[in-house]
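Asks: Can you read through this structure? Questions will come right after.
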Amino acid sequence: MDTRSTFHWIILALSSLVLLFILAPLVGMVLDTSPSEFFQTVKDDEVQDSVWLTLSVAFMATLVFAFMAIPLAWMMARYNFPGKRIIQGLIDLPVVLPHSAAGIALLGFISRDGLLGKAADLIGLNLVGNPVGIALAMAFVSLSFLINAARDGFAAVPVRLEKAAMNLGASPVKMFFTVSLPLTWRNIASGFIMMFARGMSEFGAIVIIAYHPMTAPVLIYERFNQFGLSYARPASVFFILVALVIFILIRIFSNRANRSLVKVRVNNS
């Protein structure tokens, strides 16, 4: 027997099992949802509001924190300094924290007795039970994905290219925006999508910060808790389908943007 062929069949079988494990629950959930239940859920104003709140807040949290995360990622890729491993550990910490623990930690920071909460209270803003608080919870548990993806992208950019740009008279700011950032675009886009997806799916931290207004994961949990699986399933299917469409559109946009950057580089070379 051809050992190489056997190896390929083993790989195919194991890969199929993993894909089946991922797809089977999702396909089963869709098949168990009747069209009437689905369309009735789609028309539900409460479901529509929760999905819109989840998508908009997750996107804005990702966009706002990207302005701080990308410079930090470049610094982590380019400089060696005392305590760098500690800082990297702090960046990765929210990923391994239990979601409820992350929510409790953040609640102590943004409540009216906390540091950020006191500052917000001065302008009449209560972060608890507020979309801003939801955005902070989403960013807290997902920021690591963007930072690490961007850091890996910057680390892959040859330092000599940045030095060459500065030797030709470019300022550090111009060098960053014309050399480092364009060459790291694909990594940043992937990190942006991962951060957005992670924030959008967060439940544990958000339910502690703001049960109301309800994001889609909180709404699904409430419907399951109060009415059971059959009532929560259509909302889950709707949210998954909306998220899938959003991710496909983002991927298409990022791929087109990447091709445009490649064409610009070719024309300028």
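Residue names in the structure tokens use chain letters A, B, ... in the order shown, residue numbers from 1 in each chain, and ligand numbers from 1 in the order shown.
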Considering only C-alpha atoms, return as a VMD selection string whatever protein or nucleic-acid residues lie within 10 Å of Ala197 (chain A), sequence-local ones (same chain, fewer than 3 positions apart) excluded.
Replies: chain A and resid 55 58 to 59 62 138 142 191 to 194 200 to 202 243 246 to 247
Asks: Tell me which protein, DNA and RNA residues are within 10 Å of Arg186 (chain A), counting only C-alpha atoms, leaving out same-chain ones fewer than 5 positions away, and put them as a list in words.
Replies: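 My list of contacting residues is Ala149, Ala150, Gly153, Leu181, Gly191, Phe192, Ser254, Asn255, Ala257 and Asn258 of chain A.
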Asks: Next, the residues of the selection above should be written as a CSV table (one decimal), in the first residue's frame with N, CA and C atoms.
Replies:
```csv
chain,number,residue,atom,x,y,z
A,149,ALA,N,-1.8,40.6,16.0
A,149,ALA,CA,-1.8,40.5,14.6
A,149,ALA,C,-1.0,41.6,13.9
A,150,ALA,N,-1.2,42.8,14.4
A,150,ALA,CA,-0.5,43.9,13.9
A,150,ALA,C,1.0,43.9,14.2
A,153,GLY,N,2.7,41.5,11.9
A,153,GLY,CA,2.9,42.2,10.6
A,153,GLY,C,4.0,43.1,10.6
A,181,LEU,N,3.0,50.9,7.6
A,181,LEU,CA,1.6,50.6,7.7
A,181,LEU,C,1.1,49.9,6.4
A,191,GLY,N,-6.4,41.2,12.0
A,191,GLY,CA,-6.6,41.5,13.4
A,191,GLY,C,-7.9,42.3,13.7
A,192,PHE,N,-8.2,43.3,12.8
A,192,PHE,CA,-9.4,44.1,12.9
A,192,PHE,C,-10.6,43.2,12.9
A,254,SER,N,-11.5,44.1,2.3
A,254,SER,CA,-10.1,44.1,2.7
A,254,SER,C,-9.2,43.5,1.5
A,255,ASN,N,-9.8,42.5,0.8
A,255,ASN,CA,-9.1,41.9,-0.3
A,255,ASN,C,-8.9,42.9,-1.5
A,257,ALA,N,-9.0,46.2,-1.1
A,257,ALA,CA,-8.0,47.2,-0.7
A,257,ALA,C,-6.6,46.7,-0.8
A,258,ASN,N,-6.4,45.5,-0.5
A,258,ASN,CA,-5.0,44.9,-0.6
A,258,ASN,C,-4.6,44.9,-2.1
```
Asks: Show me a table, sorted first by chain and then by increasing residue number, of the residues of region 114-226 of chain A having an atom at most 10 Å from region 96-106 of chain A, each with its shortest atom pair and the distance in Å to one decimal, counting only C-alpha atoms and written as a tab-separated table.
Replies:
```
residue	atom	partner	partner_atom	distance
A:Gly114	CA	A:Leu106	CA	9.2
A:Leu116	CA	A:Leu106	CA	9.8
A:Gly133	CA	A:Leu106	CA	9.1
A:Leu136	CA	A:Leu106	CA	8.2
A:Ala137	CA	A:Gly103	CA	6.9
A:Met138	CA	A:Gly103	CA	9.9
A:Phe140	CA	A:Ala102	CA	7.9
A:Val141	CA	A:Ala102	CA	7.4
A:Glu202	CA	A:His99	CA	8.2
A:Phe203	CA	A:His99	CA	7.7
A:Gly204	CA	A:His99	CA	4.7
A:Ala205	CA	A:Gly103	CA	3.7
A:Ile206	CA	A:Gly103	CA	6.6
A:Val207	CA	A:Gly103	CA	7.8
A:Ile208	CA	A:Gly103	CA	5.6
A:Ile209	CA	A:Gly103	CA	6.4
A:Ala210	CA	A:Gly103	CA	9.8
```
Asks: Quick check, in Å to one decimal: how far apart do CA of Asp45 (chain A) and CA of Val64 (chain A) lie?
Replies: 27.9 Å
Asks: What parts of region 99-146 of chain A does DSSP call alpha helix (DSSP H)? I'd like the answer as a PyMOL selection string.
Replies: chain A and resi 99-110+115-121+131-146
Asks: Using only C-alpha atoms, find each residue of region 144-260 of chain A with at least one atom at most 8 Å away from an atom of region 71-92 of chain A; report its shortest atom-to-atom pair and that distance in Å (one decimal), sort the rows by chain and rising residue number, and return the result as JSON lines.
Replies:
```
{"residue": "A:Ser144", "atom": "CA", "partner": "A:Ile91", "partner_atom": "CA", "distance": 5.7}
{"residue": "A:Ile147", "atom": "CA", "partner": "A:Ala73", "partner_atom": "CA", "distance": 5.2}
{"residue": "A:Asn148", "atom": "CA", "partner": "A:Ala73", "partner_atom": "CA", "distance": 6.9}
{"residue": "A:Ala150", "atom": "CA", "partner": "A:Ala73", "partner_atom": "CA", "distance": 5.7}
{"residue": "A:Arg151", "atom": "CA", "partner": "A:Ala73", "partner_atom": "CA", "distance": 4.4}
{"residue": "A:Asp152", "atom": "CA", "partner": "A:Ala77", "partner_atom": "CA", "distance": 7.1}
{"residue": "A:Phe154", "atom": "CA", "partner": "A:Trp74", "partner_atom": "CA", "distance": 5.9}
{"residue": "A:Ala155", "atom": "CA", "partner": "A:Ala77", "partner_atom": "CA", "distance": 5.0}
```
Asks: So the first atom is CA of Ala139 (chain A) and the second is CA of Leu107 (chain A); what is the distance between them in Å, to one decimal place?
Replies: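 Separation between CA of Ala139 (chain A) and CA of Leu107 (chain A): 13.6 Å.
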Asks: In Å to one decimal, how far is CA of Gly199 (chain A) from CA of Phe109 (chain A)?
Replies: 18.6 Å
Asks: Restricting the calculation to only C-alpha atoms, which member of A:Ser5, A:Thr33, A:Asn126, A:Thr215 is positioned closest to Val237 (chain A)?
Replies: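 Closest to Val237 (chain A) of all the choices is A:Thr33.
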Asks: Counting only C-alpha atoms, what is within 10 Å of Leu26 (chain A), bar same-chain residues fewer than 6 positions away, as a PyMOL selection string?
Replies: chain A and resi 20+32+236-237+240
Asks: Take the residues just selected and output them with C-alpha atoms as an mmCIF file, in the first residue's frame.
Replies:
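Full text of out-v8.cif as output:
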```cif
data_model
loop_
_atom_site.group_PDB
_atom_site.id
_atom_site.type_symbol
_atom_site.label_atom_id
_atom_site.label_comp_id
_atom_site.auth_asym_id
_atom_site.auth_seq_id
_atom_site.Cartn_x
_atom_site.Cartn_y
_atom_site.Cartn_z
ATOM 1 C CA LEU A 20 -18.122 18.133 10.828
ATOM 2 C CA ASP A 32 -34.534 22.842 13.421
ATOM 3 C CA SER A 236 -29.362 32.645 17.217
ATOM 4 C CA VAL A 237 -29.794 31.725 13.552
ATOM 5 C CA ILE A 240 -25.254 34.098 12.924
#
```
Asks: Give me the residues within 12 Å of Arg223 (chain A) as a VMD selection string, counting only C-alpha atoms and dropping any in the same chain fewer than 2 places off.
Replies: chain A and resid 41 46 to 47 214 216 to 221 225 to 236
Asks: Keeping C-alpha atoms for every residue in the selection just given, could you write it to a file as a CSV table (one decimal), in the first residue's frame?
Replies:
```csv
chain,number,residue,atom,x,y,z
A,41,THR,CA,-38.0,36.6,14.8
A,46,GLU,CA,-36.3,43.8,20.1
A,47,VAL,CA,-34.2,41.3,18.1
A,214,MET,CA,-29.3,44.0,25.5
A,216,ALA,CA,-27.6,39.9,20.8
A,217,PRO,CA,-25.7,37.4,22.9
A,218,VAL,CA,-27.5,38.7,26.0
A,219,LEU,CA,-30.9,38.6,24.3
A,220,ILE,CA,-30.3,35.0,23.1
A,221,TYR,CA,-29.4,34.0,26.7
A,225,ASN,CA,-33.4,31.2,30.1
A,226,GLN,CA,-37.0,32.3,30.1
A,227,PHE,CA,-38.6,30.4,27.3
A,228,GLY,CA,-36.3,27.6,26.3
A,229,LEU,CA,-34.3,26.4,23.3
A,230,SER,CA,-37.1,26.7,20.7
A,231,TYR,CA,-37.5,30.4,21.4
A,232,ALA,CA,-33.8,31.2,21.5
A,233,ARG,CA,-32.8,29.2,18.4
A,234,PRO,CA,-34.4,31.5,15.7
A,235,ALA,CA,-32.6,34.6,17.3
A,236,SER,CA,-29.4,32.6,17.2
```
Asks: For a quick check of understanding, using only C-alpha atoms, which of A:Ala165, A:Ile110, A:Val42, A:Leu115 has the smallest distance to Gly129 (chain A)?
Replies: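 Looking only at the distances to Gly129 (chain A), the closest residue turns out to be A:Ile110.
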